[in-house]
Every structure is written in structure tokens, then in C-alpha cells.
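Data file: protein.pdb. Format and content: PDB, C-alpha atoms, pLDDT in the B column.
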```pdb
ATOM      1  CA  MET A   1       3.365 -11.228  15.245  1.00 58.00           C
ATOM      2  CA  PHE A   2      -0.113 -11.012  13.710  1.00 69.00           C
ATOM      3  CA  ASN A   3      -1.331 -14.308  12.235  1.00 81.00           C
ATOM      4  CA  GLY A   4      -4.901 -13.504  11.269  1.00 88.00           C
ATOM      5  CA  LYS A   5      -6.479 -14.165   7.921  1.00 93.00           C
ATOM      6  CA  VAL A   6      -5.462 -12.162   4.844  1.00 94.00           C
ATOM      7  CA  LEU A   7      -6.725 -12.251   1.274  1.00 95.00           C
ATOM      8  CA  LEU A   8      -4.597 -13.239  -1.714  1.00 95.00           C
ATOM      9  CA  MET A   9      -5.624 -13.209  -5.387  1.00 94.00           C
ATOM     10  CA  ARG A  10      -6.113 -15.865  -8.044  1.00 94.00           C
ATOM     11  CA  ASP A  11      -7.837 -16.061 -11.436  1.00 90.00           C
ATOM     12  CA  LEU A  12      -6.253 -12.810 -12.646  1.00 88.00           C
ATOM     13  CA  HIS A  13      -7.723 -11.351 -15.844  1.00 87.00           C
ATOM     14  CA  PHE A  14      -6.663  -8.129 -17.565  1.00 83.00           C
ATOM     15  CA  ASP A  15      -9.158  -7.053 -20.239  1.00 83.00           C
ATOM     16  CA  GLU A  16      -8.299  -3.693 -21.849  1.00 80.00           C
ATOM     17  CA  ASP A  17      -9.048  -1.202 -19.038  1.00 79.00           C
ATOM     18  CA  THR A  18     -10.568  -3.711 -16.600  1.00 82.00           C
ATOM     19  CA  PHE A  19      -8.828  -6.016 -14.154  1.00 83.00           C
ATOM     20  CA  ARG A  20     -10.662  -8.841 -12.411  1.00 87.00           C
ATOM     21  CA  ALA A  21      -9.519 -11.379  -9.844  1.00 90.00           C
ATOM     22  CA  ALA A  22     -10.876 -13.617  -7.134  1.00 93.00           C
ATOM     23  CA  TYR A  23      -9.627 -13.351  -3.571  1.00 95.00           C
ATOM     24  CA  PHE A  24      -9.185 -16.262  -1.186  1.00 95.00           C
ATOM     25  CA  GLU A  25      -8.278 -16.431   2.479  1.00 95.00           C
ATOM     26  CA  VAL A  26      -5.018 -17.666   4.023  1.00 94.00           C
ATOM     27  CA  ASP A  27      -3.391 -17.079   7.377  1.00 94.00           C
ATOM     28  CA  PHE A  28      -0.654 -14.464   7.498  1.00 91.00           C
ATOM     29  CA  ALA A  29       2.073 -17.007   8.343  1.00 91.00           C
ATOM     30  CA  ALA A  30       1.230 -18.993   5.181  1.00 91.00           C
ATOM     31  CA  PHE A  31       1.354 -15.759   3.165  1.00 92.00           C
ATOM     32  CA  LEU A  32       4.789 -14.896   4.598  1.00 90.00           C
ATOM     33  CA  ALA A  33       6.075 -18.409   3.803  1.00 92.00           C
ATOM     34  CA  PHE A  34       4.680 -18.150   0.267  1.00 91.00           C
ATOM     35  CA  LYS A  35       6.441 -14.791  -0.105  1.00 89.00           C
ATOM     36  CA  GLU A  36       9.698 -16.151   1.377  1.00 90.00           C
ATOM     37  CA  PHE A  37       9.650 -19.038  -1.127  1.00 93.00           C
ATOM     38  CA  GLY A  38       9.452 -16.499  -3.973  1.00 90.00           C
ATOM     39  CA  PHE A  39       5.736 -16.874  -4.765  1.00 90.00           C
ATOM     40  CA  PRO A  40       6.148 -20.367  -6.286  1.00 91.00           C
ATOM     41  CA  ASP A  41       2.638 -20.487  -7.791  1.00 92.00           C
ATOM     42  CA  PRO A  42       2.420 -17.880 -10.604  1.00 89.00           C
ATOM     43  CA  ALA A  43      -1.390 -18.085 -10.526  1.00 91.00           C
ATOM     44  CA  ILE A  44      -1.459 -16.423  -7.082  1.00 94.00           C
ATOM     45  CA  ALA A  45      -0.736 -12.759  -6.369  1.00 94.00           C
ATOM     46  CA  ASN A  46      -0.712 -10.280  -3.508  1.00 94.00           C
ATOM     47  CA  GLY A  47      -3.165  -7.603  -4.664  1.00 93.00           C
ATOM     48  CA  PHE A  48      -3.653  -4.641  -2.344  1.00 95.00           C
ATOM     49  CA  ALA A  49      -4.787  -1.023  -2.328  1.00 95.00           C
ATOM     50  CA  MET A  50      -2.271   1.736  -1.630  1.00 96.00           C
ATOM     51  CA  GLY A  51      -2.988   5.411  -0.988  1.00 96.00           C
ATOM     52  CA  ALA A  52      -0.465   7.564  -2.879  1.00 97.00           C
ATOM     53  CA  LEU A  53      -0.307  10.296  -0.244  1.00 97.00           C
ATOM     54  CA  ARG A  54       0.567  13.687  -1.741  1.00 97.00           C
ATOM     55  CA  ALA A  55       0.925  16.949   0.137  1.00 97.00           C
ATOM     56  CA  ALA A  56      -0.394  20.328  -1.027  1.00 97.00           C
ATOM     57  CA  ASP A  57       3.093  21.320  -2.196  1.00 97.00           C
ATOM     58  CA  GLY A  58       3.256  18.326  -4.554  1.00 97.00           C
ATOM     59  CA  ALA A  59       5.648  16.184  -2.508  1.00 98.00           C
ATOM     60  CA  TYR A  60       4.820  12.560  -1.720  1.00 98.00           C
ATOM     61  CA  VAL A  61       4.636  11.413   1.896  1.00 98.00           C
ATOM     62  CA  LEU A  62       5.616   7.802   2.628  1.00 98.00           C
ATOM     63  CA  GLY A  63       6.154   5.706   5.726  1.00 97.00           C
ATOM     64  CA  VAL A  64       9.099   3.639   6.934  1.00 98.00           C
ATOM     65  CA  MET A  65       7.827   0.311   8.251  1.00 97.00           C
ATOM     66  CA  GLY A  66       8.519  -0.360  11.921  1.00 94.00           C
ATOM     67  CA  PRO A  67      11.051  -2.888  13.221  1.00 93.00           C
ATOM     68  CA  HIS A  68       8.389  -5.373  14.376  1.00 90.00           C
ATOM     69  CA  THR A  69       6.684  -5.617  10.962  1.00 89.00           C
ATOM     70  CA  ALA A  70       7.259  -8.142   8.174  1.00 86.00           C
ATOM     71  CA  ASN A  71       8.613  -5.308   5.971  1.00 92.00           C
ATOM     72  CA  ARG A  72      10.766  -3.568   8.575  1.00 94.00           C
ATOM     73  CA  GLY A  73      12.751  -0.643   7.239  1.00 96.00           C
ATOM     74  CA  ARG A  74      11.029  -0.707   3.834  1.00 97.00           C
ATOM     75  CA  ILE A  75       9.389   2.491   2.548  1.00 98.00           C
ATOM     76  CA  TYR A  76       5.784   2.457   1.318  1.00 96.00           C
ATOM     77  CA  PHE A  77       2.659   4.518   0.998  1.00 97.00           C
ATOM     78  CA  PRO A  78       0.028   3.396   3.527  1.00 94.00           C
ATOM     79  CA  ALA A  79      -1.126  -0.048   2.377  1.00 94.00           C
ATOM     80  CA  GLY A  80      -1.679  -3.618   3.395  1.00 90.00           C
ATOM     81  CA  THR A  81      -2.789  -6.975   2.127  1.00 92.00           C
ATOM     82  CA  PRO A  82      -6.603  -7.035   2.376  1.00 94.00           C
ATOM     83  CA  ASP A  83      -8.206  -8.903   5.240  1.00 92.00           C
ATOM     84  CA  ARG A  84     -11.724  -9.827   6.385  1.00 92.00           C
ATOM     85  CA  SER A  85     -12.439  -6.242   7.455  1.00 92.00           C
ATOM     86  CA  ASP A  86     -12.165  -5.216   3.788  1.00 94.00           C
ATOM     87  CA  LEU A  87     -15.051  -7.463   2.701  1.00 95.00           C
ATOM     88  CA  THR A  88     -18.443  -5.988   1.878  1.00 94.00           C
ATOM     89  CA  GLU A  89     -21.712  -7.685   2.823  1.00 94.00           C
ATOM     90  CA  ASP A  90     -21.880  -9.332  -0.613  1.00 94.00           C
ATOM     91  CA  GLY A  91     -18.323 -10.738  -0.281  1.00 90.00           C
ATOM     92  CA  ARG A  92     -16.489  -8.261  -2.511  1.00 92.00           C
ATOM     93  CA  VAL A  93     -13.173  -6.735  -1.491  1.00 94.00           C
ATOM     94  CA  ASP A  94     -13.586  -3.003  -0.835  1.00 95.00           C
ATOM     95  CA  LEU A  95     -10.232  -1.683  -2.021  1.00 94.00           C
ATOM     96  CA  ALA A  96     -11.326   1.962  -1.671  1.00 93.00           C
ATOM     97  CA  GLY A  97     -12.254   1.276   1.949  1.00 94.00           C
ATOM     98  CA  SER A  98      -8.954  -0.520   2.438  1.00 95.00           C
ATOM     99  CA  VAL A  99      -7.065   2.633   1.401  1.00 95.00           C
ATOM    100  CA  LEU A 100      -8.775   4.615   4.175  1.00 95.00           C
ATOM    101  CA  ARG A 101      -8.432   1.822   6.757  1.00 94.00           C
ATOM    102  CA  GLU A 102      -4.695   1.444   6.133  1.00 93.00           C
ATOM    103  CA  LEU A 103      -4.192   5.212   6.123  1.00 94.00           C
ATOM    104  CA  ARG A 104      -5.920   5.472   9.517  1.00 93.00           C
ATOM    105  CA  GLU A 105      -4.079   2.458  10.988  1.00 91.00           C
ATOM    106  CA  GLU A 106      -0.618   3.482   9.834  1.00 93.00           C
ATOM    107  CA  THR A 107      -0.682   7.285  10.013  1.00 93.00           C
ATOM    108  CA  GLY A 108      -3.629   8.157  12.249  1.00 90.00           C
ATOM    109  CA  LEU A 109      -5.138  10.220   9.413  1.00 92.00           C
ATOM    110  CA  GLY A 110      -8.820   9.802   8.629  1.00 90.00           C
ATOM    111  CA  GLU A 111     -11.363  10.861   6.032  1.00 89.00           C
ATOM    112  CA  GLY A 112     -11.488  14.403   7.414  1.00 91.00           C
ATOM    113  CA  ASP A 113      -7.753  14.817   6.889  1.00 93.00           C
ATOM    114  CA  VAL A 114      -7.504  13.761   3.239  1.00 96.00           C
ATOM    115  CA  THR A 115      -9.228  13.952  -0.120  1.00 96.00           C
ATOM    116  CA  VAL A 116      -9.265  10.630  -1.935  1.00 95.00           C
ATOM    117  CA  GLY A 117      -9.005  10.944  -5.706  1.00 95.00           C
ATOM    118  CA  GLU A 118     -10.849   9.007  -8.340  1.00 93.00           C
ATOM    119  CA  GLY A 119      -9.557   6.140 -10.402  1.00 91.00           C
ATOM    120  CA  TRP A 120      -6.814   3.631  -9.897  1.00 92.00           C
ATOM    121  CA  THR A 121      -3.356   3.076 -11.293  1.00 92.00           C
ATOM    122  CA  ILE A 122      -2.506  -0.615 -11.264  1.00 91.00           C
ATOM    123  CA  VAL A 123       1.197  -1.333 -10.890  1.00 90.00           C
ATOM    124  CA  ARG A 124       2.300  -4.944 -11.215  1.00 89.00           C
ATOM    125  CA  ASP A 125       5.660  -6.439 -10.364  1.00 91.00           C
ATOM    126  CA  GLY A 126       5.363 -10.203 -10.780  1.00 90.00           C
ATOM    127  CA  PRO A 127       3.137 -11.516  -7.985  1.00 92.00           C
ATOM    128  CA  THR A 128       2.680  -8.046  -6.465  1.00 93.00           C
ATOM    129  CA  ILE A 129      -0.240  -5.972  -7.723  1.00 93.00           C
ATOM    130  CA  ALA A 130      -0.685  -2.533  -6.170  1.00 94.00           C
ATOM    131  CA  TYR A 131      -3.894  -0.617  -6.791  1.00 94.00           C
ATOM    132  CA  MET A 132      -2.684   2.956  -6.392  1.00 95.00           C
ATOM    133  CA  ARG A 133      -5.216   5.662  -5.577  1.00 96.00           C
ATOM    134  CA  PRO A 134      -4.284   9.348  -5.209  1.00 97.00           C
ATOM    135  CA  VAL A 135      -4.804  10.740  -1.710  1.00 97.00           C
ATOM    136  CA  ALA A 136      -4.287  14.473  -1.148  1.00 97.00           C
ATOM    137  CA  LEU A 137      -3.397  16.391   1.992  1.00 96.00           C
ATOM    138  CA  ALA A 138      -4.239  20.080   2.332  1.00 94.00           C
ATOM    139  CA  GLU A 139      -0.925  20.849   4.058  1.00 96.00           C
ATOM    140  CA  SER A 140       2.762  20.901   3.101  1.00 97.00           C
ATOM    141  CA  ALA A 141       4.831  17.736   3.200  1.00 97.00           C
ATOM    142  CA  GLU A 142       6.801  18.965   6.219  1.00 98.00           C
ATOM    143  CA  ALA A 143       3.638  19.848   8.158  1.00 97.00           C
ATOM    144  CA  ALA A 144       2.124  16.469   7.230  1.00 96.00           C
ATOM    145  CA  ARG A 145       5.314  14.636   8.244  1.00 97.00           C
ATOM    146  CA  ASP A 146       5.376  16.394  11.624  1.00 97.00           C
ATOM    147  CA  ARG A 147       1.692  15.739  12.254  1.00 95.00           C
ATOM    148  CA  ILE A 148       1.935  12.071  11.248  1.00 95.00           C
ATOM    149  CA  ARG A 149       5.042  11.607  13.391  1.00 97.00           C
ATOM    150  CA  GLY A 150       3.026  12.940  16.328  1.00 95.00           C
ATOM    151  CA  LEU A 151       0.142  10.589  15.560  1.00 91.00           C
ATOM    152  CA  ILE A 152       2.565   7.649  15.245  1.00 92.00           C
ATOM    153  CA  ALA A 153       4.155   8.538  18.593  1.00 93.00           C
ATOM    154  CA  ALA A 154       0.712   8.386  20.226  1.00 92.00           C
ATOM    155  CA  GLN A 155      -0.013   4.885  18.905  1.00 89.00           C
ATOM    156  CA  PRO A 156       0.690   2.007  21.325  1.00 90.00           C
ATOM    157  CA  ASP A 157       2.111  -0.298  18.602  1.00 89.00           C
ATOM    158  CA  PRO A 158       2.726   1.785  15.453  1.00 93.00           C
ATOM    159  CA  GLU A 159       3.305   0.084  12.102  1.00 93.00           C
ATOM    160  CA  LEU A 160       5.478   2.988  10.952  1.00 96.00           C
ATOM    161  CA  ALA A 161       8.814   4.047  12.401  1.00 96.00           C
ATOM    162  CA  ASP A 162       9.186   7.303  10.463  1.00 97.00           C
ATOM    163  CA  ILE A 163       7.981   9.410   7.530  1.00 98.00           C
ATOM    164  CA  VAL A 164       9.880  10.120   4.299  1.00 98.00           C
ATOM    165  CA  ILE A 165       9.248  12.960   1.842  1.00 98.00           C
ATOM    166  CA  VAL A 166       9.842  12.505  -1.891  1.00 98.00           C
ATOM    167  CA  ARG A 167       9.910  15.727  -3.948  1.00 97.00           C
ATOM    168  CA  GLU A 168      12.225  14.724  -6.775  1.00 96.00           C
ATOM    169  CA  PRO A 169      13.968  11.619  -8.144  1.00 96.00           C
ATOM    170  CA  ALA A 170      16.999  12.198  -5.903  1.00 96.00           C
ATOM    171  CA  ASP A 171      14.737  11.623  -2.851  1.00 97.00           C
ATOM    172  CA  ILE A 172      13.847   8.088  -3.960  1.00 97.00           C
ATOM    173  CA  ASP A 173      15.476   5.409  -1.795  1.00 97.00           C
ATOM    174  CA  GLU A 174      15.983   2.582  -4.290  1.00 96.00           C
ATOM    175  CA  ALA A 175      17.364   0.217  -1.662  1.00 97.00           C
ATOM    176  CA  ARG A 176      14.324   0.410   0.612  1.00 97.00           C
ATOM    177  CA  MET A 177      11.426   0.878  -1.825  1.00 97.00           C
ATOM    178  CA  PRO A 178       9.871  -2.024  -3.746  1.00 95.00           C
ATOM    179  CA  ARG A 179      10.187  -1.971  -7.539  1.00 93.00           C
ATOM    180  CA  PHE A 180       6.470  -1.358  -8.137  1.00 93.00           C
ATOM    181  CA  LEU A 181       6.651   1.761  -5.965  1.00 95.00           C
ATOM    182  CA  LEU A 182       9.816   2.974  -7.684  1.00 95.00           C
ATOM    183  CA  ALA A 183       8.037   2.700 -11.038  1.00 92.00           C
ATOM    184  CA  TYR A 184       5.002   4.595  -9.756  1.00 94.00           C
ATOM    185  CA  LEU A 185       7.044   7.411  -8.196  1.00 96.00           C
ATOM    186  CA  ARG A 186       9.328   7.846 -11.181  1.00 95.00           C
ATOM    187  CA  ASP A 187       6.351   8.107 -13.504  1.00 93.00           C
ATOM    188  CA  ALA A 188       4.462  10.482 -11.191  1.00 93.00           C
ATOM    189  CA  LEU A 189       7.478  12.767 -10.740  1.00 94.00           C
ATOM    190  CA  ALA A 190       8.158  12.807 -14.493  1.00 93.00           C
ATOM    191  CA  GLN A 191       4.583  13.963 -15.189  1.00 89.00           C
ATOM    192  CA  ARG A 192       4.831  17.050 -12.972  1.00 76.00           C
TER
END
```
Same coordinates, now as C-alpha cells:
Amino acid sequence: MFNGKVLLMRDLHFDEDTFRAAYFEVDFAAFLAFKEFGFPDPAIANGFAMGALRAADGAYVLGVMGPHTANRGRIYFPAGTPDRSDLTEDGRVDLAGSVLRELREETGLGEGDVTVGEGWTIVRDGPTIAYMRPVALAESAEAARDRIRGLIAAQPDPELADIVIVREPADIDEARMPRFLLAYLRDALAQR
């Protein structure tokens, strides 16, 4: 399993409509141990960007994590804990770039396939902080699912095992989705 360096957060500050934090580097095995121990230091968080992938027909398109991943069987939008490749030349974490990198890595979709929206929705569940950014596809959810499945099948070591479509609350899989994602989806579906 991957054991490269990833970036976790500390020094978290919410100030009205602004959120600031500092990132620091740890190896992936240390991050997994920290997670397994229930995030024992409340001053540290896993803050990552997540592309809320939405098809032209309004349905959300999510991935089922593959059996060889740390989150096997769980359902997410394309996302991942930031790593060194997400750092800019001045040392900042490029969360917008991370959305596109994770989308490409997990689904095979690139900038030409999607339209990335503006703004962020920050969803926090304890030590998990997801920076959600809307990402639109110009095709239906079924067409997107079929295309992404084909792209996944062509990958030598895909992170995703399958694609799930969420059109309405009944499509939400509470057992396999993290709480922060459940909150985001419920709110997004209620606003339609």
C-alpha cells in the first residue's frame, strides 16, 4: 500500500466566512494509525478538497472505493488527503488543483470533461474537514457512470471499484457514506 507523504492540518481558525489552517507532512502509515486511534489529538484534522460531481440531469455521481484502498467499499466523491503534488511554489496547498488531480486519478476525467464551479462549501465532522466544490458534467448520470466505468476499467490499478448515482434521498447509502458526505448530499438534494 502507498506510504508516501500526505498533508494534515493544524492551527484551525474559523473567522466568519474565512477558514485558515496550516498543513504539515506525515507519512500515510502514520496518518492511518492516527485515524485508527480515533484522531486522539483534537488540534489535528484531515482537511481535503472534494469535487461534488453532478451530472447534467441533476444527479450526483460518486465512486465506490476499491478493495485495495484504505476506505474500501466506502462511497465518496473524488477526493483525497493532500500530498506534496498539491503544493504551490510558495508552499501553499492548492485545493482547487487537488480537486482536478483527484478527479483525474480516480475517474479518468480531466478539465475538458467537467466545469468546476466557484466557491467552497466546508463540511466538518470532528477531525474531518471536506472542502466541497461543485463539479458539473455535461452528460446524464447514466452516461457519465458508463463512461467512468470504462475509464476505470482501463486503469492498471484503479482507486474506484464502481460508480453510484444519487438522485434522491432514497439513493443515499448511509452505511457506506461518511457523515460529512451524508450531510452535504441531504442539504444539496433538499435545495433542488
List every protein, DNA or RNA residue that has an atom no more than 12 Å from (-10.1, -18.9, 3.4) in the file's coordinate frame, counting only C-alpha atoms, and report them as a JSON list (two decimals) with C-alpha atoms, in the coordinates of the input.
```
[["chain", "number", "residue", "atom", "x", "y", "z"],
["A", 4, "GLY", "CA", -4.90, -13.50, 11.27],
["A", 5, "LYS", "CA", -6.48, -14.16, 7.92],
["A", 6, "VAL", "CA", -5.46, -12.16, 4.84],
["A", 7, "LEU", "CA", -6.72, -12.25, 1.27],
["A", 8, "LEU", "CA", -4.60, -13.24, -1.71],
["A", 9, "MET", "CA", -5.62, -13.21, -5.39],
["A", 22, "ALA", "CA", -10.88, -13.62, -7.13],
["A", 23, "TYR", "CA", -9.63, -13.35, -3.57],
["A", 24, "PHE", "CA", -9.18, -16.26, -1.19],
["A", 25, "GLU", "CA", -8.28, -16.43, 2.48],
["A", 26, "VAL", "CA", -5.02, -17.67, 4.02],
["A", 27, "ASP", "CA", -3.39, -17.08, 7.38],
["A", 28, "PHE", "CA", -0.65, -14.46, 7.50],
["A", 30, "ALA", "CA", 1.23, -18.99, 5.18],
["A", 31, "PHE", "CA", 1.35, -15.76, 3.16],
["A", 83, "ASP", "CA", -8.21, -8.90, 5.24],
["A", 84, "ARG", "CA", -11.72, -9.83, 6.38]]
```
Closest of A:Phe48, A:Met132, A:Tyr60, A:Asp11 to A:Asp94 - atom-to-atom distances counting only C-alpha atoms: A:Phe48
Each residue of stretch 32-89 of chain A lying at most 12 Å from stretch 168-171 of chain A should get a row with its shortest atom-to-atom pair and the distance in Å to one decimal, counting all atoms listed in the file; could you produce that, ordered by chain and increasing number, as JSON lines?
```
{"residue": "A:Gly58", "atom": "CA", "partner": "A:Glu168", "partner_atom": "CA", "distance": 9.9}
{"residue": "A:Ala59", "atom": "CA", "partner": "A:Glu168", "partner_atom": "CA", "distance": 8.0}
{"residue": "A:Tyr60", "atom": "CA", "partner": "A:Glu168", "partner_atom": "CA", "distance": 9.2}
{"residue": "A:Val61", "atom": "CA", "partner": "A:Asp171", "partner_atom": "CA", "distance": 11.2}
{"residue": "A:Leu62", "atom": "CA", "partner": "A:Asp171", "partner_atom": "CA", "distance": 11.3}
{"residue": "A:Ile75", "atom": "CA", "partner": "A:Asp171", "partner_atom": "CA", "distance": 11.9}
```
How would the residues just picked look written out with C-alpha atoms as a PDB file, in the frame of the given file?
```
ATOM      1  CA  GLY A  58       3.256  18.326  -4.554  1.00 97.00           C
ATOM      2  CA  ALA A  59       5.648  16.184  -2.508  1.00 98.00           C
ATOM      3  CA  TYR A  60       4.820  12.560  -1.720  1.00 98.00           C
ATOM      4  CA  VAL A  61       4.636  11.413   1.896  1.00 98.00           C
ATOM      5  CA  LEU A  62       5.616   7.802   2.628  1.00 98.00           C
ATOM      6  CA  ILE A  75       9.389   2.491   2.548  1.00 98.00           C
TER       7      ILE A  75
END
```
Length of the atom CA of A:Phe14 to atom CA of A:Pro42 vector [Å]: 15.0 Å
Between atom CA of A:Arg20 and atom CA of A:Val135, distance in Å (one decimal):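 Separation between atom CA of A:Arg20 and atom CA of A:Val135: 23.1 Å.
Using the PyMOL selection byres ((chain A and resi 137) around 10) on this structure selects Leu53, Arg54, Ala55, Ala56, Asp57, Gly58, Tyr60, Val61, Leu109, Gly112, Asp113, Val114, Thr115, Val116, Val135, Ala136, Ala138, Glu139, Ser140, Ala141, Ala143 and Ala144 of chain A.
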